[in-house]
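What's in work_11.cif: mmCIF, C-alpha atoms and all ligand atoms
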data_target
loop_
_atom_site.group_PDB
_atom_site.id
_atom_site.type_symbol
_atom_site.label_atom_id
_atom_site.label_comp_id
_atom_site.auth_asym_id
_atom_site.auth_seq_id
_atom_site.Cartn_x
_atom_site.Cartn_y
_atom_site.Cartn_z
ATOM 1 C CA MET I 9 0.000 0.000 0.000
ATOM 2 C CA LYS I 10 2.740 2.388 1.025
ATOM 3 C CA LYS I 11 4.563 1.633 -2.208
ATOM 4 C CA LEU I 12 1.440 2.291 -4.238
ATOM 5 C CA ILE I 13 0.943 5.684 -2.552
ATOM 6 C CA THR I 14 4.573 6.566 -3.216
ATOM 7 C CA MET I 15 4.136 5.656 -6.868
ATOM 8 C CA LEU I 16 0.951 7.707 -7.163
ATOM 9 C CA CYS I 17 2.654 10.699 -5.559
ATOM 10 C CA ALA I 18 5.560 10.427 -7.961
ATOM 11 C CA ALA I 19 3.179 10.256 -10.890
ATOM 12 C CA ALA I 20 1.267 13.277 -9.622
ATOM 13 C CA LEU I 21 4.470 15.264 -9.180
ATOM 14 C CA ALA I 22 5.729 14.321 -12.616
ATOM 15 C CA SER I 23 2.564 15.544 -14.298
ATOM 16 C CA ALA I 24 2.191 18.630 -12.112
ATOM 17 C CA PRO I 25 3.749 21.107 -14.581
ATOM 18 C CA PHE I 26 1.126 20.108 -17.127
ATOM 19 C CA SER I 27 -1.928 19.733 -14.928
ATOM 20 C CA ALA I 28 -1.315 22.885 -12.845
ATOM 21 C CA ILE I 29 -2.298 25.161 -15.730
ATOM 22 C CA ALA I 30 -5.361 23.700 -17.413
ATOM 23 C CA ALA I 31 -6.017 24.771 -20.983
ATOM 24 C CA ASP I 32 -8.735 27.353 -21.638
ATOM 25 C CA SER I 33 -12.069 25.914 -22.721
ATOM 26 C CA SER I 34 -12.924 26.280 -26.412
ATOM 27 C CA GLU I 35 -16.335 27.653 -25.380
ATOM 28 C CA PRO I 36 -16.587 31.287 -26.516
ATOM 29 C CA ILE I 37 -15.847 34.100 -24.080
ATOM 30 C CA VAL I 38 -18.879 36.366 -24.430
ATOM 31 C CA ILE I 39 -18.056 40.095 -24.443
ATOM 32 C CA PRO I 40 -20.784 42.767 -24.279
ATOM 33 C CA THR I 41 -20.869 45.906 -26.418
ATOM 34 C CA HIS I 42 -22.645 49.064 -25.206
ATOM 35 C CA ASN I 43 -23.323 52.516 -26.631
ATOM 36 C CA TRP I 44 -20.185 54.592 -26.135
ATOM 37 C CA SER I 45 -17.038 54.359 -28.237
ATOM 38 C CA SER I 46 -14.245 53.381 -25.832
ATOM 39 C CA GLN I 47 -16.331 50.504 -24.488
ATOM 40 C CA VAL I 48 -16.943 49.036 -27.924
ATOM 41 C CA VAL I 49 -13.356 49.504 -29.095
ATOM 42 C CA MET I 50 -12.088 47.988 -25.836
ATOM 43 C CA ALA I 51 -14.429 45.008 -26.347
ATOM 44 C CA TYR I 52 -12.648 44.262 -29.647
ATOM 45 C CA VAL I 53 -9.249 45.050 -28.116
ATOM 46 C CA ILE I 54 -9.791 42.509 -25.331
ATOM 47 C CA GLY I 55 -11.444 40.033 -27.703
ATOM 48 C CA GLY I 56 -8.471 40.441 -30.039
ATOM 49 C CA ILE I 57 -6.059 39.679 -27.191
ATOM 50 C CA PHE I 58 -8.087 36.602 -26.191
ATOM 51 C CA GLU I 59 -8.076 35.399 -29.823
ATOM 52 C CA LYS I 60 -4.319 35.859 -30.101
ATOM 53 C CA MET I 61 -4.120 33.569 -27.035
ATOM 54 C CA GLY I 62 -6.125 30.924 -28.943
ATOM 55 C CA ASN I 63 -9.526 31.580 -27.401
ATOM 56 C CA ASN I 64 -12.913 31.812 -29.069
ATOM 57 C CA VAL I 65 -14.805 35.052 -28.598
ATOM 58 C CA GLU I 66 -18.356 36.223 -29.175
ATOM 59 C CA TYR I 67 -19.695 39.795 -29.023
ATOM 60 C CA VAL I 68 -23.223 40.661 -27.964
ATOM 61 C CA PRO I 69 -24.881 44.089 -27.801
ATOM 62 C CA ALA I 70 -26.208 44.513 -24.249
ATOM 63 C CA ASP I 71 -27.933 47.081 -22.077
ATOM 64 C CA SER I 72 -25.273 48.682 -19.870
ATOM 65 C CA GLN I 73 -27.300 48.268 -16.637
ATOM 66 C CA ALA I 74 -28.821 44.818 -17.297
ATOM 67 C CA VAL I 75 -25.430 43.400 -18.276
ATOM 68 C CA TYR I 76 -24.473 42.602 -14.655
ATOM 69 C CA GLU I 77 -27.493 40.336 -14.271
ATOM 70 C CA ALA I 78 -26.567 38.716 -17.617
ATOM 71 C CA ILE I 79 -23.024 38.087 -16.319
ATOM 72 C CA ARG I 80 -24.440 36.624 -13.100
ATOM 73 C CA ASN I 81 -26.533 34.225 -15.187
ATOM 74 C CA ASP I 82 -23.539 33.350 -17.378
ATOM 75 C CA ASP I 83 -25.135 34.665 -20.579
ATOM 76 C CA ILE I 84 -22.224 37.111 -20.791
ATOM 77 C CA THR I 85 -18.721 36.369 -19.471
ATOM 78 C CA ILE I 86 -17.182 39.759 -18.659
ATOM 79 C CA SER I 87 -17.674 43.485 -18.376
ATOM 80 C CA HIS I 88 -14.524 45.508 -19.009
ATOM 81 C CA GLU I 89 -15.728 49.083 -18.263
ATOM 82 C CA VAL I 90 -17.639 49.164 -14.982
ATOM 83 C CA TRP I 91 -17.894 52.929 -14.312
ATOM 84 C CA GLN I 92 -18.408 53.618 -10.628
ATOM 85 C CA SER I 93 -20.858 56.491 -10.910
ATOM 86 C CA THR I 94 -23.185 54.973 -13.471
ATOM 87 C CA PHE I 95 -22.918 51.218 -12.952
ATOM 88 C CA GLY I 96 -21.454 50.700 -9.469
ATOM 89 C CA LYS I 97 -24.858 50.006 -7.946
ATOM 90 C CA SER I 98 -25.932 47.411 -10.546
ATOM 91 C CA PHE I 99 -22.522 45.754 -10.327
ATOM 92 C CA TYR I 100 -22.619 45.420 -6.528
ATOM 93 C CA ASN I 101 -26.283 44.327 -6.571
ATOM 94 C CA ALA I 102 -25.356 41.473 -8.912
ATOM 95 C CA MET I 103 -22.277 40.601 -6.844
ATOM 96 C CA GLU I 104 -24.383 40.418 -3.717
ATOM 97 C CA LYS I 105 -26.806 37.981 -5.362
ATOM 98 C CA GLY I 106 -23.836 35.806 -6.318
ATOM 99 C CA GLY I 107 -22.278 34.839 -9.634
ATOM 100 C CA VAL I 108 -20.332 38.015 -10.445
ATOM 101 C CA ILE I 109 -16.753 38.641 -9.350
ATOM 102 C CA ASP I 110 -14.642 41.786 -9.189
ATOM 103 C CA ALA I 111 -11.789 41.196 -11.664
ATOM 104 C CA GLY I 112 -9.765 44.276 -10.716
ATOM 105 C CA THR I 113 -9.500 47.970 -11.442
ATOM 106 C CA HIS I 114 -8.101 49.923 -14.378
ATOM 107 C CA GLU I 115 -5.400 52.488 -13.751
ATOM 108 C CA ALA I 116 -7.632 55.291 -15.117
ATOM 109 C CA GLU I 117 -9.692 57.332 -12.688
ATOM 110 C CA THR I 118 -13.125 58.330 -13.908
ATOM 111 C CA LEU I 119 -15.648 61.132 -13.735
ATOM 112 C CA GLU I 120 -19.112 61.101 -15.311
ATOM 113 C CA GLU I 121 -20.572 64.545 -14.954
ATOM 114 C CA MET I 122 -22.299 67.520 -16.554
ATOM 115 C CA GLY I 123 -19.869 70.055 -17.971
ATOM 116 C CA VAL I 124 -19.019 72.657 -20.565
ATOM 117 C CA PRO I 125 -16.451 72.921 -23.372
ATOM 118 C CA GLN I 126 -13.298 74.851 -22.490
ATOM 119 C CA TYR I 127 -14.326 77.964 -24.511
ATOM 120 C CA VAL I 128 -17.399 78.474 -22.272
ATOM 121 C CA ILE I 129 -14.955 79.105 -19.427
ATOM 122 C CA ASP I 130 -12.372 80.984 -21.511
ATOM 123 C CA ASP I 131 -14.986 83.306 -23.034
ATOM 124 C CA ASN I 132 -16.604 83.734 -19.601
ATOM 125 C CA LEU I 133 -20.066 82.866 -20.920
ATOM 126 C CA CYS I 134 -21.242 82.076 -17.395
ATOM 127 C CA PRO I 135 -19.061 83.867 -14.835
ATOM 128 C CA GLY I 136 -18.251 81.726 -11.813
ATOM 129 C CA LEU I 137 -18.258 78.353 -13.607
ATOM 130 C CA PRO I 138 -17.163 75.640 -12.986
ATOM 131 C CA ASN I 139 -18.739 76.227 -9.535
ATOM 132 C CA TRP I 140 -22.354 75.023 -9.958
ATOM 133 C CA GLU I 141 -23.816 78.019 -8.114
ATOM 134 C CA ALA I 142 -22.883 80.175 -11.094
ATOM 135 C CA LEU I 143 -25.665 78.365 -13.006
ATOM 136 C CA LYS I 144 -28.288 80.276 -11.000
ATOM 137 C CA ASP I 145 -27.506 83.474 -12.883
ATOM 138 C CA CYS I 146 -27.076 82.385 -16.472
ATOM 139 C CA HIS I 147 -29.723 79.918 -17.578
ATOM 140 C CA GLU I 148 -30.463 82.051 -20.697
ATOM 141 C CA VAL I 149 -26.966 81.317 -21.966
ATOM 142 C CA PHE I 150 -27.853 77.621 -22.127
ATOM 143 C CA ALA I 151 -31.418 77.929 -23.482
ATOM 144 C CA THR I 152 -32.257 76.120 -26.727
ATOM 145 C CA ALA I 153 -35.264 76.114 -29.082
ATOM 146 C CA ASP I 154 -36.842 73.187 -27.219
ATOM 147 C CA SER I 155 -36.091 74.214 -23.629
ATOM 148 C CA GLY I 156 -38.967 76.632 -22.990
ATOM 149 C CA GLY I 157 -36.750 79.510 -21.947
ATOM 150 C CA LYS I 158 -34.891 77.405 -19.377
ATOM 151 C CA GLY I 159 -31.266 76.402 -19.627
ATOM 152 C CA ARG I 160 -30.832 72.960 -21.130
ATOM 153 C CA TRP I 161 -28.769 70.146 -19.643
ATOM 154 C CA LEU I 162 -28.120 67.744 -22.515
ATOM 155 C CA GLU I 163 -27.973 64.340 -20.855
ATOM 156 C CA GLY I 164 -26.831 61.064 -22.398
ATOM 157 C CA PRO I 165 -29.375 58.326 -23.171
ATOM 158 C CA GLN I 166 -31.704 57.678 -20.233
ATOM 159 C CA SER I 167 -30.567 54.012 -20.162
ATOM 160 C CA TRP I 168 -27.270 55.113 -18.545
ATOM 161 C CA HIS I 169 -28.522 56.492 -15.234
ATOM 162 C CA GLY I 170 -32.243 57.204 -15.358
ATOM 163 C CA ASP I 171 -33.395 60.342 -13.581
ATOM 164 C CA LEU I 172 -30.127 61.167 -11.850
ATOM 165 C CA MET I 173 -29.852 64.620 -13.471
ATOM 166 C CA PRO I 174 -33.545 65.642 -13.345
ATOM 167 C CA ASP I 175 -33.452 64.684 -9.634
ATOM 168 C CA ARG I 176 -30.315 66.753 -9.132
ATOM 169 C CA ILE I 177 -31.778 69.840 -10.794
ATOM 170 C CA GLU I 178 -34.762 69.681 -8.428
ATOM 171 C CA ALA I 179 -32.639 68.925 -5.359
ATOM 172 C CA LEU I 180 -30.354 71.893 -6.031
ATOM 173 C CA GLY I 181 -33.303 74.256 -6.446
ATOM 174 C CA LEU I 182 -32.590 74.799 -10.142
ATOM 175 C CA GLY I 183 -35.929 73.434 -11.379
ATOM 176 C CA ASP I 184 -37.319 76.840 -12.375
ATOM 177 C CA LYS I 185 -34.268 77.596 -14.476
ATOM 178 C CA TYR I 186 -33.030 74.334 -16.001
ATOM 179 C CA VAL I 187 -34.473 71.329 -17.778
ATOM 180 C CA VAL I 188 -32.915 67.991 -18.795
ATOM 181 C CA LYS I 189 -33.140 66.720 -22.379
ATOM 182 C CA PHE I 190 -31.939 63.182 -23.072
ATOM 183 C CA ALA I 191 -29.830 62.562 -26.164
ATOM 184 C CA GLY I 192 -30.723 59.559 -28.295
ATOM 185 C CA GLY I 193 -27.133 58.393 -28.237
ATOM 186 C CA ALA I 194 -23.557 59.482 -27.581
ATOM 187 C CA ASP I 195 -23.196 60.663 -31.188
ATOM 188 C CA ALA I 196 -25.921 63.256 -30.568
ATOM 189 C CA LEU I 197 -23.838 64.674 -27.692
ATOM 190 C CA TRP I 198 -20.789 65.053 -29.931
ATOM 191 C CA ALA I 199 -22.835 66.569 -32.781
ATOM 192 C CA GLU I 200 -24.321 69.159 -30.416
ATOM 193 C CA LEU I 201 -20.908 69.992 -28.935
ATOM 194 C CA GLU I 202 -19.589 70.456 -32.469
ATOM 195 C CA SER I 203 -22.381 72.795 -33.571
ATOM 196 C CA ALA I 204 -22.270 74.804 -30.331
ATOM 197 C CA LYS I 205 -18.553 75.273 -30.805
ATOM 198 C CA LYS I 206 -19.015 76.522 -34.381
ATOM 199 C CA GLU I 207 -21.565 79.055 -33.135
ATOM 200 C CA GLY I 208 -19.564 79.889 -30.010
ATOM 201 C CA ARG I 209 -22.683 79.311 -27.948
ATOM 202 C CA GLY I 210 -23.058 78.067 -24.408
ATOM 203 C CA ILE I 211 -23.819 74.391 -23.899
ATOM 204 C CA ILE I 212 -24.040 72.039 -20.921
ATOM 205 C CA THR I 213 -23.693 68.327 -21.692
ATOM 206 C CA PHE I 214 -23.126 65.110 -19.877
ATOM 207 C CA ASN I 215 -19.634 63.816 -20.568
ATOM 208 C CA TRP I 216 -17.003 61.660 -18.961
ATOM 209 C CA THR I 217 -13.308 61.043 -18.617
ATOM 210 C CA PRO I 218 -11.445 59.111 -19.951
ATOM 211 C CA ASN I 219 -12.861 60.173 -23.297
ATOM 212 C CA PHE I 220 -11.659 61.653 -26.593
ATOM 213 C CA THR I 221 -12.704 65.091 -25.304
ATOM 214 C CA ASP I 222 -9.875 65.016 -22.724
ATOM 215 C CA ALA I 223 -7.457 66.047 -25.489
ATOM 216 C CA GLU I 224 -9.298 69.243 -26.458
ATOM 217 C CA GLY I 225 -10.387 70.250 -22.984
ATOM 218 C CA PHE I 226 -13.766 69.830 -21.334
ATOM 219 C CA VAL I 227 -14.593 71.333 -17.952
ATOM 220 C CA PHE I 228 -16.777 69.425 -15.508
ATOM 221 C CA ILE I 229 -19.096 71.452 -13.312
ATOM 222 C CA GLU I 230 -18.241 71.269 -9.599
ATOM 223 C CA PHE I 231 -21.360 70.257 -7.724
ATOM 224 C CA PRO I 232 -21.629 69.636 -3.978
ATOM 225 C CA PRO I 233 -19.362 66.634 -3.293
ATOM 226 C CA PHE I 234 -20.622 63.093 -3.710
ATOM 227 C CA PHE I 235 -21.033 60.869 -0.665
ATOM 228 C CA ASP I 236 -22.518 57.395 -0.267
ATOM 229 C CA GLY I 237 -26.281 57.682 0.117
ATOM 230 C CA CYS I 238 -26.625 61.200 -1.334
ATOM 231 C CA ARG I 239 -28.470 60.083 -4.463
ATOM 232 C CA LYS I 240 -32.214 59.623 -4.575
ATOM 233 C CA VAL I 241 -31.891 55.952 -5.583
ATOM 234 C CA ASP I 242 -29.772 55.493 -2.435
ATOM 235 C CA GLY I 243 -32.221 57.279 -0.143
ATOM 236 C CA GLY I 244 -30.736 60.793 -0.293
ATOM 237 C CA ASP I 245 -32.122 64.035 -1.700
ATOM 238 C CA GLY I 246 -29.910 63.970 -4.790
ATOM 239 C CA SER I 247 -28.184 67.314 -4.237
ATOM 240 C CA CYS I 248 -24.681 66.036 -4.969
ATOM 241 C CA GLY I 249 -22.333 65.661 -7.913
ATOM 242 C CA SER I 250 -20.828 62.439 -9.255
ATOM 243 C CA PRO I 251 -17.939 60.653 -7.545
ATOM 244 C CA LYS I 252 -14.375 60.845 -8.804
ATOM 245 C CA GLY I 253 -14.508 57.143 -9.294
ATOM 246 C CA TRP I 254 -12.977 53.875 -10.318
ATOM 247 C CA LEU I 255 -13.239 51.869 -13.507
ATOM 248 C CA LYS I 256 -13.512 48.175 -12.776
ATOM 249 C CA LYS I 257 -13.719 44.851 -14.561
ATOM 250 C CA ALA I 258 -16.305 42.193 -13.755
ATOM 251 C CA ALA I 259 -16.597 38.527 -14.686
ATOM 252 C CA ASN I 260 -18.832 35.533 -14.234
ATOM 253 C CA TYR I 261 -17.520 33.528 -11.251
ATOM 254 C CA LYS I 262 -16.765 30.474 -13.407
ATOM 255 C CA PHE I 263 -14.522 32.347 -15.863
ATOM 256 C CA PRO I 264 -11.296 31.737 -13.834
ATOM 257 C CA LYS I 265 -12.021 27.989 -13.939
ATOM 258 C CA THR I 266 -13.208 27.622 -17.540
ATOM 259 C CA HIS I 267 -10.572 29.933 -19.070
ATOM 260 C CA PRO I 268 -7.696 30.234 -16.565
ATOM 261 C CA SER I 269 -5.232 31.860 -18.991
ATOM 262 C CA ALA I 270 -7.730 34.347 -20.386
ATOM 263 C CA TYR I 271 -8.907 35.155 -16.869
ATOM 264 C CA LYS I 272 -5.361 35.759 -15.685
ATOM 265 C CA THR I 273 -4.842 38.167 -18.573
ATOM 266 C CA PHE I 274 -8.182 39.866 -17.926
ATOM 267 C CA SER I 275 -7.422 40.319 -14.232
ATOM 268 C CA LYS I 276 -4.015 41.863 -15.030
ATOM 269 C CA LEU I 277 -5.417 44.097 -17.759
ATOM 270 C CA SER I 278 -5.385 47.773 -16.817
ATOM 271 C CA PHE I 279 -5.764 50.736 -19.134
ATOM 272 C CA SER I 280 -4.743 54.332 -18.478
ATOM 273 C CA THR I 281 -6.685 57.520 -19.146
ATOM 274 C CA LYS I 282 -4.668 57.988 -22.341
ATOM 275 C CA ASN I 283 -5.187 54.385 -23.519
ATOM 276 C CA ILE I 284 -8.969 54.744 -23.172
ATOM 277 C CA GLY I 285 -9.075 58.278 -24.607
ATOM 278 C CA ASP I 286 -7.132 57.015 -27.639
ATOM 279 C CA MET I 287 -9.570 54.129 -28.175
ATOM 280 C CA ALA I 288 -12.493 56.583 -28.245
ATOM 281 C CA SER I 289 -10.606 59.070 -30.404
ATOM 282 C CA LEU I 290 -9.924 56.551 -33.181
ATOM 283 C CA VAL I 291 -13.705 56.327 -33.651
ATOM 284 C CA ASP I 292 -15.041 59.764 -32.665
ATOM 285 C CA ILE I 293 -12.273 61.878 -34.210
ATOM 286 C CA ASP I 294 -10.682 59.600 -36.829
ATOM 287 C CA LYS I 295 -14.076 58.048 -37.770
ATOM 288 C CA MET I 296 -12.772 54.483 -37.903
ATOM 289 C CA SER I 297 -15.067 51.510 -37.321
ATOM 290 C CA HIS I 298 -14.841 50.051 -33.814
ATOM 291 C CA GLN I 299 -13.205 46.888 -35.177
ATOM 292 C CA ASP I 300 -10.600 48.768 -37.200
ATOM 293 C CA ALA I 301 -9.925 51.074 -34.262
ATOM 294 C CA ALA I 302 -9.243 48.042 -32.060
ATOM 295 C CA LYS I 303 -6.879 46.534 -34.642
ATOM 296 C CA ALA I 304 -5.038 49.836 -34.984
ATOM 297 C CA TRP I 305 -4.829 50.277 -31.222
ATOM 298 C CA LEU I 306 -3.484 46.724 -30.707
ATOM 299 C CA ALA I 307 -0.923 47.184 -33.477
ATOM 300 C CA SER I 308 0.518 50.388 -32.032
ATOM 301 C CA ASN I 309 0.328 49.489 -28.326
ATOM 302 C CA GLU I 310 1.937 46.059 -28.034
ATOM 303 C CA GLU I 311 4.090 47.266 -25.141
ATOM 304 C CA VAL I 312 0.893 48.037 -23.217
ATOM 305 C CA TRP I 313 -1.063 44.809 -23.704
ATOM 306 C CA LYS I 314 1.584 42.084 -24.241
ATOM 307 C CA PRO I 315 2.617 42.101 -20.561
ATOM 308 C CA PHE I 316 -0.979 41.287 -19.559
ATOM 309 C CA THR I 317 -0.640 37.970 -21.432
ATOM 310 C CA GLU I 318 2.637 36.981 -19.765
HETATM 311 C C1 LIG M 401 -20.953 55.116 -18.900
HETATM 312 N N1 LIG M 401 -20.478 56.399 -19.481
HETATM 313 C C2 LIG M 401 -19.021 56.342 -19.683
HETATM 314 C C3 LIG M 401 -21.164 56.661 -20.787
HETATM 315 O O1 LIG M 401 -20.778 57.388 -18.622
#
Can the structure from this file be put into structure tokens for me?
Ligand code: TMO
Amino acid sequence: MKKLITMLCAAALASAPFSAIAADSSEPIVIPTHNWSSQVVMAYVIGGIFEKMGNNVEYVPADSQAVYEAIRNDDITISHEVWQSTFGKSFYNAMEKGGVIDAGTHEAETLEEMGVPQYVIDDNLCPGLPNWEALKDCHEVFATADSGGKGRWLEGPQSWHGDLMPDRIEALGLGDKYVVKFAGGADALWAELESAKKEGRGIITFNWTPNFTDAEGFVFIEFPPFFDGCRKVDGGDGSCGSPKGWLKKAANYKFPKTHPSAYKTFSKLSFSTKNIGDMASLVDIDKMSHQDAAKAWLASNEEVWKPFTE
């Protein structure tokens, strides 16, 4: 018996280098695509890296809030841009129910907030900005044909964070002077910024960093500081700005077991503000397709992503 155990141990040791790292499953890694440029380009960047490692990949368009429930249920494998302000709550709700894991944090810090292009500050169109209290005295500067004489806040699509901004306008006592209009998509935000710039007119839009607009200069309005529980959905009155936040990665809990190599790479993967701004810029400035932008980004940034695979 003792001899048999010794033999089994020897056999186990001999095969250890091979069995310790199991091969990734050939089942596809399912990557979601949402409705802003860096996220879609990064989907193809990460999918491209996985494919170079020999994995199979599938892309599915998904709602950016519902995606965490889809990851929990293993319909989608990962989420690679979990923005704290907009998706933190859905992410942690899904984690709490079980089935979603935190796969680490990107180097980039984030902000998702209402703001104005740099020239609005430089030309002093609303003296006192970026302090939010300056808004009380210049709503006319931000009025548009459809805003009924009030200043317009051009929000992103309502699917991103519901009534966060309408609630904030009310909570800050700006309801008589400002109104929120939701853009149909991110492209509508960029088109409006472009036309406002041509006309030199005042404009307030939702925007975020990292984004392609970092390069030209975009100034976020400084609202009363964020704290946990200040938002209406968290039981507060909503009179706070967005957090200076993190950008995380999420995965289905089985991903480390089914695809150990891909998971290791995904957990190491961390992009900077510039990396992410560049991914967006290839689409929104250079007008490339998301797929071509990802190929171009991978080709010129090997020194960034290769180490994640090692
Ligand atoms: C989630 N987003 C970056 C559009 O704010």
Within 12 Å of ligand LIG 401 (chain M), counting all atoms listed in the file, which protein or nucleic acid residues do you find, written as a ChimeraX atom specification?
/I:41-48,71-73,88-96,117-122,163-170,191,193-195,197,213-220,250-251,253-256,284-285,288
How big is the axis-aligned box around the listed atoms of region 161-180 of chain I once 5 Å is added on each side, and where is its centre? Give both in Å to one decimal, as lines of an AutoDock Vina configuration file.
center_x = -30.8
center_y = 63.0
center_z = -14.3
size_x = 17.9
size_y = 27.9
size_z = 27.8
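Closest approach to Ala223 (chain I) among I:Cys134, I:Lys314, I:Gln126, I:Ala204: I:Gln126, based on all atoms listed in the file.
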Report as number ranges by chain all protein, DNA and RNA residues lying within 12 Å of Ala307 (chain I), evaluated on only C-alpha atoms, omitting residues in the same chain fewer than 6 positions from it. I: 53, 56-57, 300-301, 313-314
Export C-alpha atoms of the chosen residues as a PDB file, in the frame of the given file?
ATOM      1  CA  VAL I  53      -9.249  45.050 -28.116  1.00  0.00           C
ATOM      2  CA  GLY I  56      -8.471  40.441 -30.039  1.00  0.00           C
ATOM      3  CA  ILE I  57      -6.059  39.679 -27.191  1.00  0.00           C
ATOM      4  CA  ASP I 300     -10.600  48.768 -37.200  1.00  0.00           C
ATOM      5  CA  ALA I 301      -9.925  51.074 -34.262  1.00  0.00           C
ATOM      6  CA  TRP I 313      -1.063  44.809 -23.704  1.00  0.00           C
ATOM      7  CA  LYS I 314       1.584  42.084 -24.241  1.00  0.00           C
TER       8      LYS I 314
END
Exercise. For the structure provided, state which residues fall under the PyMOL selection byres (((chain I and resi 186) around 6) and not hetatm), and present them as a ChimeraX atom specification.
Key: /I:158-160,182-183,185,187
**Prompt:** Given the choices I:Ile86, I:Ala196, I:Met287, I:Ala51, which gets closest to Val38 (chain I) if the distance is worked out from all atoms listed in the file?
**Reply:**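 Residue with the minimum atom-to-atom distance to Val38 (chain I): I:Ile86.
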Thr281 (chain I) proximity check over I:Glu115, I:Pro36, I:Phe263, I:Gly156, using only C-alpha atoms: winner is I:Glu115
As an mmCIF file with C-alpha atoms, in the coordinates of the input, please: the residues near Ile79 (chain I) (cut-off 9 Å, all atoms listed in the file, same-chain neighbours under 2 positions excluded).
data_model
loop_
_atom_site.group_PDB
_atom_site.id
_atom_site.type_symbol
_atom_site.label_atom_id
_atom_site.label_comp_id
_atom_site.auth_asym_id
_atom_site.auth_seq_id
_atom_site.Cartn_x
_atom_site.Cartn_y
_atom_site.Cartn_z
ATOM 1 C CA ALA I 74 -28.821 44.818 -17.297
ATOM 2 C CA VAL I 75 -25.430 43.400 -18.276
ATOM 3 C CA TYR I 76 -24.473 42.602 -14.655
ATOM 4 C CA GLU I 77 -27.493 40.336 -14.271
ATOM 5 C CA ASN I 81 -26.533 34.225 -15.187
ATOM 6 C CA ASP I 82 -23.539 33.350 -17.378
ATOM 7 C CA ASP I 83 -25.135 34.665 -20.579
ATOM 8 C CA ILE I 84 -22.224 37.111 -20.791
ATOM 9 C CA THR I 85 -18.721 36.369 -19.471
ATOM 10 C CA ILE I 86 -17.182 39.759 -18.659
ATOM 11 C CA SER I 87 -17.674 43.485 -18.376
ATOM 12 C CA ALA I 102 -25.356 41.473 -8.912
ATOM 13 C CA GLY I 107 -22.278 34.839 -9.634
ATOM 14 C CA VAL I 108 -20.332 38.015 -10.445
ATOM 15 C CA ALA I 258 -16.305 42.193 -13.755
ATOM 16 C CA ALA I 259 -16.597 38.527 -14.686
ATOM 17 C CA ASN I 260 -18.832 35.533 -14.234
ATOM 18 C CA TYR I 261 -17.520 33.528 -11.251
#
